$ cat work-v3.pdb   # PDB, C-alpha atoms
MODEL        1
ATOM      1  CA  MET A   1      -5.119   4.448 -13.299  1.00  0.00           C
ATOM      2  CA  ASN A   2      -7.214   1.421 -12.328  1.00  0.00           C
ATOM      3  CA  LEU A   3      -8.774   1.061  -8.890  1.00  0.00           C
ATOM      4  CA  ASP A   4      -6.267  -1.485  -7.626  1.00  0.00           C
ATOM      5  CA  LEU A   5      -3.296   0.685  -8.622  1.00  0.00           C
ATOM      6  CA  ALA A   6      -4.995   3.722  -7.097  1.00  0.00           C
ATOM      7  CA  ARG A   7      -5.323   1.882  -3.793  1.00  0.00           C
ATOM      8  CA  ARG A   8      -1.695   0.801  -3.871  1.00  0.00           C
ATOM      9  CA  ALA A   9      -0.477   4.289  -4.771  1.00  0.00           C
ATOM     10  CA  THR A  10      -2.561   5.768  -1.960  1.00  0.00           C
ATOM     11  CA  ALA A  11      -1.030   3.304   0.500  1.00  0.00           C
ATOM     12  CA  GLU A  12       2.449   4.311  -0.700  1.00  0.00           C
ATOM     13  CA  ALA A  13       1.644   8.009  -0.327  1.00  0.00           C
ATOM     14  CA  ILE A  14       0.207   7.641   3.184  1.00  0.00           C
ATOM     15  CA  GLY A  15       2.974   5.351   4.372  1.00  0.00           C
ATOM     16  CA  THR A  16       5.703   7.616   3.012  1.00  0.00           C
ATOM     17  CA  ALA A  17       4.033  10.666   4.553  1.00  0.00           C
ATOM     18  CA  ILE A  18       3.876   9.102   8.008  1.00  0.00           C
ATOM     19  CA  LEU A  19       7.474   7.920   7.681  1.00  0.00           C
ATOM     20  CA  LEU A  20       8.662  11.455   6.875  1.00  0.00           C
ATOM     21  CA  ALA A  21       6.565  12.884   9.678  1.00  0.00           C
ATOM     22  CA  ALA A  22       8.328  10.462  12.027  1.00  0.00           C
ATOM     23  CA  VAL A  23      11.784  11.318  10.679  1.00  0.00           C
ATOM     24  CA  VAL A  24      11.364  15.089  10.768  1.00  0.00           C
ATOM     25  CA  GLY A  25       9.096  15.292  13.803  1.00  0.00           C
ATOM     26  CA  SER A  26      11.318  13.154  16.012  1.00  0.00           C
ATOM     27  CA  GLY A  27      14.292  15.287  14.996  1.00  0.00           C
ATOM     28  CA  VAL A  28      12.476  18.461  16.039  1.00  0.00           C
ATOM     29  CA  MET A  29      11.262  16.923  19.300  1.00  0.00           C
ATOM     30  CA  GLY A  30      14.720  15.574  20.030  1.00  0.00           C
ATOM     31  CA  GLU A  31      16.346  18.971  19.530  1.00  0.00           C
ATOM     32  CA  ARG A  32      13.795  20.648  21.785  1.00  0.00           C
ATOM     33  CA  LEU A  33      14.260  18.158  24.613  1.00  0.00           C
ATOM     34  CA  ALA A  34      17.936  17.175  24.415  1.00  0.00           C
ATOM     35  CA  GLY A  35      19.453  20.418  25.650  1.00  0.00           C
ATOM     36  CA  GLY A  36      22.004  20.555  22.853  1.00  0.00           C
ATOM     37  CA  ASN A  37      23.179  16.933  23.174  1.00  0.00           C
ATOM     38  CA  VAL A  38      23.327  15.831  19.527  1.00  0.00           C
ATOM     39  CA  ALA A  39      23.825  12.172  20.433  1.00  0.00           C
ATOM     40  CA  ILE A  40      20.497  12.129  22.247  1.00  0.00           C
ATOM     41  CA  VAL A  41      18.805  13.829  19.291  1.00  0.00           C
ATOM     42  CA  LEU A  42      20.191  11.191  16.929  1.00  0.00           C
ATOM     43  CA  LEU A  43      19.133   8.420  19.302  1.00  0.00           C
ATOM     44  CA  ALA A  44      15.581   9.764  19.429  1.00  0.00           C
ATOM     45  CA  ASN A  45      15.543  10.226  15.659  1.00  0.00           C
ATOM     46  CA  SER A  46      16.796   6.723  14.890  1.00  0.00           C
ATOM     47  CA  VAL A  47      14.561   4.911  17.381  1.00  0.00           C
ATOM     48  CA  ALA A  48      11.442   6.772  16.234  1.00  0.00           C
ATOM     49  CA  THR A  49      12.239   6.104  12.578  1.00  0.00           C
ATOM     50  CA  GLY A  50      12.891   2.410  13.167  1.00  0.00           C
ATOM     51  CA  ALA A  51       9.711   1.985  15.215  1.00  0.00           C
ATOM     52  CA  ALA A  52       7.656   3.795  12.584  1.00  0.00           C
ATOM     53  CA  LEU A  53       9.092   1.580   9.858  1.00  0.00           C
ATOM     54  CA  VAL A  54       8.042  -1.624  11.617  1.00  0.00           C
ATOM     55  CA  ALA A  55       4.500  -0.345  12.090  1.00  0.00           C
ATOM     56  CA  LEU A  56       4.157   1.068   8.566  1.00  0.00           C
ATOM     57  CA  ILE A  57       5.557  -1.965   6.746  1.00  0.00           C
ATOM     58  CA  LEU A  58       3.314  -4.285   8.757  1.00  0.00           C
ATOM     59  CA  THR A  59       0.337  -2.039   7.975  1.00  0.00           C
ATOM     60  CA  PHE A  60       0.824  -1.484   4.250  1.00  0.00           C
ATOM     61  CA  SER A  61       2.890  -4.414   2.962  1.00  0.00           C
ATOM     62  CA  ALA A  62      -0.141  -6.494   2.028  1.00  0.00           C
ATOM     63  CA  ILE A  63      -1.604  -3.567   0.068  1.00  0.00           C
ATOM     64  CA  SER A  64       1.269  -2.003  -1.864  1.00  0.00           C
ATOM     65  CA  GLY A  65       4.388  -3.859  -0.752  1.00  0.00           C
ATOM     66  CA  ALA A  66       5.238  -0.955   1.582  1.00  0.00           C
ATOM     67  CA  HIS A  67       8.122   0.323  -0.508  1.00  0.00           C
ATOM     68  CA  PHE A  68       8.040   4.000   0.575  1.00  0.00           C
ATOM     69  CA  ASN A  69      11.215   4.343  -1.512  1.00  0.00           C
ATOM     70  CA  PRO A  70      11.635   4.719  -5.303  1.00  0.00           C
ATOM     71  CA  LEU A  71      14.726   2.519  -5.201  1.00  0.00           C
ATOM     72  CA  VAL A  72      12.859  -0.360  -3.591  1.00  0.00           C
ATOM     73  CA  THR A  73      10.180   0.091  -6.251  1.00  0.00           C
ATOM     74  CA  LEU A  74      12.798  -0.039  -9.017  1.00  0.00           C
ATOM     75  CA  SER A  75      14.427  -3.096  -7.478  1.00  0.00           C
ATOM     76  CA  GLU A  76      11.041  -4.842  -7.277  1.00  0.00           C
ATOM     77  CA  ALA A  77      10.295  -4.008 -10.911  1.00  0.00           C
ATOM     78  CA  TRP A  78      13.727  -5.223 -11.991  1.00  0.00           C
ATOM     79  CA  GLU A  79      13.048  -8.520 -10.208  1.00  0.00           C
ATOM     80  CA  ARG A  80       9.537  -8.672 -11.736  1.00  0.00           C
ATOM     81  CA  GLY A  81       7.813  -8.320  -8.399  1.00  0.00           C
ATOM     82  CA  LEU A  82       6.073  -5.203  -9.744  1.00  0.00           C
ATOM     83  CA  SER A  83       4.915  -4.243 -13.228  1.00  0.00           C
ATOM     84  CA  TRP A  84       6.990  -1.511 -14.864  1.00  0.00           C
ATOM     85  CA  HIS A  85       3.668   0.079 -15.817  1.00  0.00           C
ATOM     86  CA  ASP A  86       3.008   0.721 -12.108  1.00  0.00           C
ATOM     87  CA  VAL A  87       6.394   2.296 -11.341  1.00  0.00           C
ATOM     88  CA  PRO A  88       5.523   5.929 -12.280  1.00  0.00           C
ATOM     89  CA  SER A  89       2.420   5.857 -10.071  1.00  0.00           C
ATOM     90  CA  TYR A  90       4.481   4.559  -7.154  1.00  0.00           C
ATOM     91  CA  PHE A  91       7.133   7.244  -7.734  1.00  0.00           C
ATOM     92  CA  VAL A  92       4.607  10.083  -7.803  1.00  0.00           C
ATOM     93  CA  ALA A  93       2.831   8.763  -4.700  1.00  0.00           C
ATOM     94  CA  GLN A  94       6.090   8.406  -2.777  1.00  0.00           C
ATOM     95  CA  LEU A  95       7.278  11.887  -3.700  1.00  0.00           C
ATOM     96  CA  ILE A  96       3.965  13.555  -2.855  1.00  0.00           C
ATOM     97  CA  GLY A  97       3.782  11.581   0.373  1.00  0.00           C
ATOM     98  CA  ALA A  98       7.319  12.552   1.356  1.00  0.00           C
ATOM     99  CA  PHE A  99       6.699  16.295   1.002  1.00  0.00           C
ATOM    100  CA  ALA A 100       3.302  15.953   2.680  1.00  0.00           C
ATOM    101  CA  GLY A 101       4.963  14.218   5.629  1.00  0.00           C
ATOM    102  CA  VAL A 102       7.511  16.999   6.028  1.00  0.00           C
ATOM    103  CA  ALA A 103       4.728  19.587   5.940  1.00  0.00           C
ATOM    104  CA  LEU A 104       2.736  17.577   8.475  1.00  0.00           C
ATOM    105  CA  ALA A 105       5.675  17.468  10.888  1.00  0.00           C
ATOM    106  CA  HIS A 106       6.234  21.204  10.513  1.00  0.00           C
ATOM    107  CA  LEU A 107       2.574  21.935  11.209  1.00  0.00           C
ATOM    108  CA  MET A 108       2.614  19.787  14.347  1.00  0.00           C
ATOM    109  CA  PHE A 109       5.578  21.738  15.718  1.00  0.00           C
ATOM    110  CA  GLY A 110       4.463  25.214  14.666  1.00  0.00           C
ATOM    111  CA  LEU A 111       7.084  25.628  11.933  1.00  0.00           C
ATOM    112  CA  PRO A 112       6.674  27.070   8.420  1.00  0.00           C
ATOM    113  CA  LEU A 113       4.952  24.599   6.102  1.00  0.00           C
ATOM    114  CA  LEU A 114       8.055  24.044   3.950  1.00  0.00           C
ATOM    115  CA  PHE A 115      11.348  25.926   4.170  1.00  0.00           C
ATOM    116  CA  ALA A 116      14.667  25.254   2.471  1.00  0.00           C
ATOM    117  CA  SER A 117      17.233  23.489   4.614  1.00  0.00           C
ATOM    118  CA  GLN A 118      20.564  25.097   5.414  1.00  0.00           C
ATOM    119  CA  ARG A 119      22.034  21.920   6.968  1.00  0.00           C
ATOM    120  CA  ALA A 120      25.215  21.019   5.062  1.00  0.00           C
ATOM    121  CA  ARG A 121      25.755  17.365   4.238  1.00  0.00           C
ATOM    122  CA  SER A 122      28.536  17.503   1.684  1.00  0.00           C
ATOM    123  CA  GLY A 123      31.811  15.804   0.847  1.00  0.00           C
ATOM    124  CA  GLY A 124      32.993  12.463  -0.425  1.00  0.00           C
ATOM    125  CA  ALA A 125      32.589  10.670   2.893  1.00  0.00           C
ATOM    126  CA  GLN A 126      28.905  11.628   3.126  1.00  0.00           C
ATOM    127  CA  ILE A 127      28.213  10.616  -0.466  1.00  0.00           C
ATOM    128  CA  PHE A 128      30.034   7.297  -0.036  1.00  0.00           C
ATOM    129  CA  SER A 129      28.043   6.731   3.155  1.00  0.00           C
ATOM    130  CA  GLU A 130      24.847   7.012   1.141  1.00  0.00           C
ATOM    131  CA  LEU A 131      26.088   4.402  -1.306  1.00  0.00           C
ATOM    132  CA  VAL A 132      26.855   2.053   1.603  1.00  0.00           C
ATOM    133  CA  ALA A 133      23.581   2.823   3.397  1.00  0.00           C
ATOM    134  CA  THR A 134      21.461   2.215   0.307  1.00  0.00           C
ATOM    135  CA  PHE A 135      23.393  -0.889  -0.713  1.00  0.00           C
ATOM    136  CA  GLY A 136      22.776  -2.356   2.732  1.00  0.00           C
ATOM    137  CA  LEU A 137      19.098  -1.417   2.755  1.00  0.00           C
ATOM    138  CA  VAL A 138      18.386  -2.987  -0.622  1.00  0.00           C
ATOM    139  CA  CYS A 139      20.369  -6.084   0.390  1.00  0.00           C
ATOM    140  CA  VAL A 140      18.138  -6.439   3.452  1.00  0.00           C
ATOM    141  CA  VAL A 141      14.967  -5.874   1.426  1.00  0.00           C
ATOM    142  CA  ARG A 142      15.966  -8.377  -1.251  1.00  0.00           C
ATOM    143  CA  GLY A 143      17.355 -11.026   1.092  1.00  0.00           C
ATOM    144  CA  ALA A 144      14.680 -10.900   3.772  1.00  0.00           C
ATOM    145  CA  GLY A 145      11.894 -10.384   1.258  1.00  0.00           C
ATOM    146  CA  GLN A 146      12.842 -13.418  -0.813  1.00  0.00           C
ATOM    147  CA  LEU A 147      13.903 -15.818   1.923  1.00  0.00           C
ATOM    148  CA  ARG A 148      12.070 -14.717   5.080  1.00  0.00           C
ATOM    149  CA  ALA A 149       9.289 -12.341   4.131  1.00  0.00           C
ATOM    150  CA  THR A 150       7.596 -12.213   7.546  1.00  0.00           C
ATOM    151  CA  ALA A 151      10.802 -10.854   9.072  1.00  0.00           C
ATOM    152  CA  THR A 152      11.178  -8.040   6.532  1.00  0.00           C
ATOM    153  CA  PRO A 153       9.545  -5.243   8.602  1.00  0.00           C
ATOM    154  CA  PHE A 154      11.823  -5.950  11.550  1.00  0.00           C
ATOM    155  CA  ALA A 155      14.937  -6.475   9.414  1.00  0.00           C
ATOM    156  CA  VAL A 156      14.450  -3.197   7.524  1.00  0.00           C
ATOM    157  CA  ALA A 157      13.730  -1.231  10.695  1.00  0.00           C
ATOM    158  CA  ALA A 158      16.711  -2.736  12.517  1.00  0.00           C
ATOM    159  CA  TYR A 159      19.014  -1.943   9.613  1.00  0.00           C
ATOM    160  CA  ILE A 160      17.879   1.673   9.272  1.00  0.00           C
ATOM    161  CA  THR A 161      18.129   2.241  13.035  1.00  0.00           C
ATOM    162  CA  ALA A 162      21.694   0.929  12.988  1.00  0.00           C
ATOM    163  CA  ALA A 163      22.626   2.785   9.808  1.00  0.00           C
ATOM    164  CA  TYR A 164      21.672   6.112  11.394  1.00  0.00           C
ATOM    165  CA  TRP A 165      24.679   5.489  13.628  1.00  0.00           C
ATOM    166  CA  PHE A 166      27.254   3.714  11.474  1.00  0.00           C
ATOM    167  CA  THR A 167      27.050   5.966   8.398  1.00  0.00           C
ATOM    168  CA  ALA A 168      28.400   9.516   8.293  1.00  0.00           C
ATOM    169  CA  SER A 169      25.284  10.675   6.428  1.00  0.00           C
ATOM    170  CA  THR A 170      22.831   9.150   8.965  1.00  0.00           C
ATOM    171  CA  SER A 171      21.446   6.934   6.204  1.00  0.00           C
ATOM    172  CA  PHE A 172      18.906   8.721   4.021  1.00  0.00           C
ATOM    173  CA  ALA A 173      19.002   5.793   1.530  1.00  0.00           C
ATOM    174  CA  ASN A 174      15.921   7.056  -0.325  1.00  0.00           C
ATOM    175  CA  PRO A 175      15.647   9.688  -3.107  1.00  0.00           C
ATOM    176  CA  ALA A 176      12.087  10.742  -2.158  1.00  0.00           C
ATOM    177  CA  VAL A 177      13.132  11.175   1.468  1.00  0.00           C
ATOM    178  CA  THR A 178      16.229  13.106   0.394  1.00  0.00           C
ATOM    179  CA  LEU A 179      14.282  15.522  -1.795  1.00  0.00           C
ATOM    180  CA  ALA A 180      11.618  16.111   0.841  1.00  0.00           C
ATOM    181  CA  ARG A 181      14.197  16.745   3.561  1.00  0.00           C
ATOM    182  CA  THR A 182      15.635  19.629   1.488  1.00  0.00           C
ATOM    183  CA  ALA A 183      12.416  21.437   2.479  1.00  0.00           C
ATOM    184  CA  SER A 184      13.034  21.117   6.221  1.00  0.00           C
ATOM    185  CA  ASP A 185      15.580  23.336   7.965  1.00  0.00           C
ATOM    186  CA  THR A 186      15.607  21.061  11.007  1.00  0.00           C
ATOM    187  CA  PHE A 187      17.842  18.329  12.408  1.00  0.00           C
ATOM    188  CA  ALA A 188      16.711  15.982   9.606  1.00  0.00           C
ATOM    189  CA  GLY A 189      17.268  18.466   6.783  1.00  0.00           C
ATOM    190  CA  ILE A 190      19.759  18.567   3.923  1.00  0.00           C
ATOM    191  CA  ARG A 191      20.726  21.549   1.752  1.00  0.00           C
ATOM    192  CA  PRO A 192      19.206  21.363  -1.741  1.00  0.00           C
ATOM    193  CA  ALA A 193      22.714  21.691  -3.204  1.00  0.00           C
ATOM    194  CA  ASP A 194      23.817  18.502  -1.427  1.00  0.00           C
ATOM    195  CA  ALA A 195      20.876  16.348  -2.510  1.00  0.00           C
ATOM    196  CA  PRO A 196      22.045  15.418  -6.061  1.00  0.00           C
ATOM    197  CA  GLY A 197      25.215  13.736  -4.777  1.00  0.00           C
ATOM    198  CA  PHE A 198      23.215  11.769  -2.215  1.00  0.00           C
ATOM    199  CA  ILE A 199      20.669  10.657  -4.816  1.00  0.00           C
ATOM    200  CA  ALA A 200      23.310   9.575  -7.342  1.00  0.00           C
ATOM    201  CA  ALA A 201      25.045   7.479  -4.670  1.00  0.00           C
ATOM    202  CA  GLN A 202      21.719   5.975  -3.597  1.00  0.00           C
ATOM    203  CA  PHE A 203      20.897   4.839  -7.128  1.00  0.00           C
ATOM    204  CA  LEU A 204      24.333   3.285  -7.535  1.00  0.00           C
ATOM    205  CA  GLY A 205      24.088   1.451  -4.223  1.00  0.00           C
ATOM    206  CA  ALA A 206      20.634   0.105  -5.106  1.00  0.00           C
ATOM    207  CA  ILE A 207      21.772  -1.112  -8.532  1.00  0.00           C
ATOM    208  CA  ILE A 208      24.767  -2.942  -7.071  1.00  0.00           C
ATOM    209  CA  ALA A 209      22.677  -4.583  -4.344  1.00  0.00           C
ATOM    210  CA  THR A 210      19.917  -5.695  -6.715  1.00  0.00           C
ATOM    211  CA  ALA A 211      22.422  -7.145  -9.176  1.00  0.00           C
ATOM    212  CA  LEU A 212      24.265  -8.910  -6.367  1.00  0.00           C
ATOM    213  CA  PHE A 213      21.123 -10.570  -5.027  1.00  0.00           C
ATOM    214  CA  ARG A 214      20.046 -11.602  -8.507  1.00  0.00           C
ATOM    215  CA  TRP A 215      23.283 -13.631  -8.511  1.00  0.00           C
ATOM    216  CA  LEU A 216      23.202 -14.736  -4.859  1.00  0.00           C
ATOM    217  CA  ILE A 217      19.602 -15.954  -5.040  1.00  0.00           C
ATOM    218  CA  PRO A 218      18.936 -17.341  -8.521  1.00  0.00           C
ATOM    219  CA  LYS A 219      15.356 -17.977  -9.605  1.00  0.00           C
ATOM    220  CA  SER A 220      15.590 -21.679  -8.727  1.00  0.00           C
ATOM    221  CA  SER A 221      16.443 -20.760  -5.109  1.00  0.00           C
ATOM    222  CA  LYS A 222      13.556 -18.293  -4.963  1.00  0.00           C
ATOM    223  CA  ASN A 223      11.158 -20.978  -6.112  1.00  0.00           C
ATOM    224  CA  ARG A 224      12.414 -23.404  -3.455  1.00  0.00           C
ATOM    225  CA  ALA A 225      12.090 -20.713  -0.761  1.00  0.00           C
ATOM    226  CA  ALA A 226       8.511 -20.033  -1.859  1.00  0.00           C
TER     227      ALA A 226
ENDMDL
END

$ encode --input "work-v3.pdb" --output "structure tokens"
Amino acid sequence: MNLDLARRATAEAIGTAILLAAVVGSGVMGERLAGGNVAIVLLANSVATGAALVALILTFSAISGAHFNPLVTLSEAWERGLSWHDVPSYFVAQLIGAFAGVALAHLMFGLPLLFASQRARSGGAQIFSELVATFGLVCVVRGAGQLRATATPFAVAAYITAAYWFTASTSFANPAVTLARTASDTFAGIRPADAPGFIAAQFLGAIIATALFRWLIPKSSKNRAA
């Protein structure tokens, strides 16, 4: 791995770790303070995640692109915004960062370092929600990134904050996040048995969105926007 790729992979790992710490940590804090009101917990969780996303994308976008998501990395590679040679390094960094972020959140709240989630998120509606959530996320990334790049951090954060509420699954929309959240038996967790369905739906949603935007914004339009 060359030095430039090492720097980018490190940025992806750190950004993904802080994102997961925000997701899991805000869920734990919300549960401890909300007195059993799940709506308040979800509100705290979504606002903290959205705010963290704005800050992290603004911080790391100039270094690595601030993907923090294997599907965004794949979409970028498909659209030739990233070399396919760099994809495995991004994947490994994102996955390590995701589990590190979960462990970090657990340590901050005095919980076991990693522990399997018992929170059920199963059924066709949940899986379909992940397809919709991921399709929407990749649409936002592709559209904003190609036509209004400076707005991307705010567009992505706004979408994820909203998708926490309008999807039945609370919008994981990220395979690395999904896998890491199987190791957290907290508000943000997901049973390991439920993760494969989520991940399959996420990949399908990302493929559809990337293909759609390849048609909606042909290369000639991208060049004019640039």

$ closest_residue --input "work-v3.pdb" --among "A:Leu53, A:Ala48, A:Ile127, A:Met108" --to "Gln202 (chain A)" --atoms "all atoms listed in the file"
A:Ile127

$ residues_around --input "work-v3.pdb" --residues "Asp185 (chain A)" --least-positions-apart "3" --cutoff "12 Å" --atoms "only C-alpha atoms" --output "list in words"
Val24, Gly25, Gly27, Val28, Val102, Ala103, Ala105, His106, Leu111, Pro112, Leu113, Leu114, Phe115, Ala116, Ser117, Gln118, Arg119, Ala120, Ala180, Arg181, Thr182, Ala188, Gly189, Ile190, Arg191 and Pro192 of chain A

$ residues_around --input "work-v3.pdb" --residues "Leu216 (chain A)" --least-positions-apart "6" --cutoff "12 Å" --atoms "only C-alpha atoms" --output "ChimeraX atom specification"
/A:139,142-143,146-147,209-210,222

$ residues_near_point --input "work-v3.pdb" --point "(25.6, 6.4, 0.6)" --cutoff "10 Å" --atoms "only C-alpha atoms" --output "PyMOL selection string"
chain A and resi 124-136+167-174+197-206

$ residues_around --input "work-v3.pdb" --residues "Ile40 (chain A)" --least-positions-apart "5" --cutoff "12 Å" --atoms "only C-alpha atoms" --output "list in words"
Ser26, Gly27, Val28, Met29, Gly30, Glu31, Arg32, Leu33, Ala34, Gly35, Asn45, Ser46, Val47, Trp165 and Phe187 of chain A

$ resolve_selection --input "work-v3.pdb" --expression "the PyMOL selection byres ((chain A and resi 67) around 12)" --output "ChimeraX atom specification"
/A:8-9,11-16,19,53,56-66,68-77,81-82,87,90-91,93-94,137-138,141-142,145,152-153,156,174,176

$ atom_distance --input "work-v3.pdb" --atom1 "CA of Glu79 (chain A)" --atom2 "CA of Ala52 (chain A)"
26.5 Å

$ atom_distance --input "work-v3.pdb" --atom1 "CA of Asp86 (chain A)" --atom2 "CA of Lys219 (chain A)"
22.5 Å

$ atom_distance --input "work-v3.pdb" --atom1 "CA of Ala211 (chain A)" --atom2 "CA of Thr150 (chain A)"
22.9 Å

$ axis_aligned_box --input "work-v3.pdb" --around "region 108-120 of chain A" --padding-each-side "5 Å" --output "AutoDock Vina command-line options"
--center_x 13.9 --center_y 23.4 --center_z 9.1 --size_x 32.6 --size_y 17.3 --size_z 23.2

$ closest_residue --input "work-v3.pdb" --among "A:Ala149, A:Ala183, A:Ala55, A:Leu20" --to "Leu104 (chain A)" --atoms "only C-alpha atoms"
A:Leu20

$ closest_residue --input "work-v3.pdb" --among "A:Asn2, A:Thr10, A:Ser83, A:Ser122" --to "Ile96 (chain A)" --atoms "all atoms listed in the file"
A:Thr10

$ closest_residue --input "work-v3.pdb" --among "A:Phe154, A:Tyr164, A:Trp84, A:Phe213" --to "Ala51 (chain A)" --atoms "all atoms listed in the file"
A:Phe154

$ decode --input "work-v3.pdb" --residues "region 128-135 of chain A" --atoms "all heavy atoms" --output "tab-separated table (two decimals), in the first residue's frame"
chain	number	residue	atom	x	y	z
A	128	PHE	N	-37.11	-4.58	2.70
A	128	PHE	CA	-37.47	-3.63	1.63
A	128	PHE	C	-37.11	-2.20	2.03
A	128	PHE	O	-36.67	-1.40	1.19
A	128	PHE	CB	-38.96	-3.74	1.32
A	128	PHE	CG	-39.42	-2.80	0.23
A	128	PHE	CD1	-38.96	-2.95	-1.06
A	128	PHE	CD2	-40.29	-1.76	0.51
A	128	PHE	CE1	-39.37	-2.08	-2.08
A	128	PHE	CE2	-40.71	-0.90	-0.48
A	128	PHE	CZ	-40.25	-1.05	-1.78
A	129	SER	N	-37.27	-1.88	3.31
A	129	SER	CA	-36.89	-0.56	3.79
A	129	SER	C	-35.41	-0.29	3.56
A	129	SER	O	-35.01	0.84	3.24
A	129	SER	CB	-37.20	-0.43	5.29
A	129	SER	OG	-38.60	-0.43	5.52
A	130	GLU	N	-34.59	-1.32	3.74
A	130	GLU	CA	-33.16	-1.13	3.51
A	130	GLU	C	-32.84	-0.90	2.04
A	130	GLU	O	-31.94	-0.13	1.70
A	130	GLU	CB	-32.37	-2.33	4.05
A	130	GLU	CG	-32.13	-2.26	5.53
A	130	GLU	CD	-31.38	-1.01	5.92
A	130	GLU	OE1	-30.19	-0.88	5.56
A	130	GLU	OE2	-31.98	-0.14	6.58
A	131	LEU	N	-33.58	-1.56	1.17
A	131	LEU	CA	-33.41	-1.29	-0.26
A	131	LEU	C	-33.74	0.16	-0.56
A	131	LEU	O	-32.98	0.87	-1.24
A	131	LEU	CB	-34.29	-2.23	-1.08
A	131	LEU	CG	-34.08	-2.24	-2.60
A	131	LEU	CD1	-34.53	-3.57	-3.19
A	131	LEU	CD2	-34.83	-1.11	-3.30
A	132	VAL	N	-34.88	0.63	-0.04
A	132	VAL	CA	-35.30	2.02	-0.27
A	132	VAL	C	-34.30	3.00	0.34
A	132	VAL	O	-33.90	3.99	-0.28
A	132	VAL	CB	-36.71	2.26	0.31
A	132	VAL	CG1	-37.08	3.73	0.26
A	132	VAL	CG2	-37.74	1.42	-0.44
A	133	ALA	N	-33.89	2.73	1.58
A	133	ALA	CA	-32.97	3.63	2.28
A	133	ALA	C	-31.65	3.76	1.53
A	133	ALA	O	-31.11	4.86	1.36
A	133	ALA	CB	-32.72	3.13	3.70
A	134	THR	N	-31.11	2.62	1.06
A	134	THR	CA	-29.82	2.65	0.39
A	134	THR	C	-29.95	3.25	-1.01
A	134	THR	O	-29.07	4.00	-1.45
A	134	THR	CB	-29.24	1.23	0.30
A	134	THR	OG1	-29.30	0.61	1.59
A	134	THR	CG2	-27.80	1.27	-0.17
A	135	PHE	N	-31.03	2.94	-1.69
A	135	PHE	CA	-31.28	3.56	-3.00
A	135	PHE	C	-31.29	5.08	-2.86
A	135	PHE	O	-30.62	5.80	-3.61
A	135	PHE	CB	-32.61	3.07	-3.56
A	135	PHE	CG	-33.06	3.81	-4.79
A	135	PHE	CD1	-32.55	3.48	-6.04
A	135	PHE	CD2	-33.99	4.84	-4.71
A	135	PHE	CE1	-32.95	4.17	-7.18
A	135	PHE	CE2	-34.40	5.54	-5.84
A	135	PHE	CZ	-33.88	5.20	-7.08
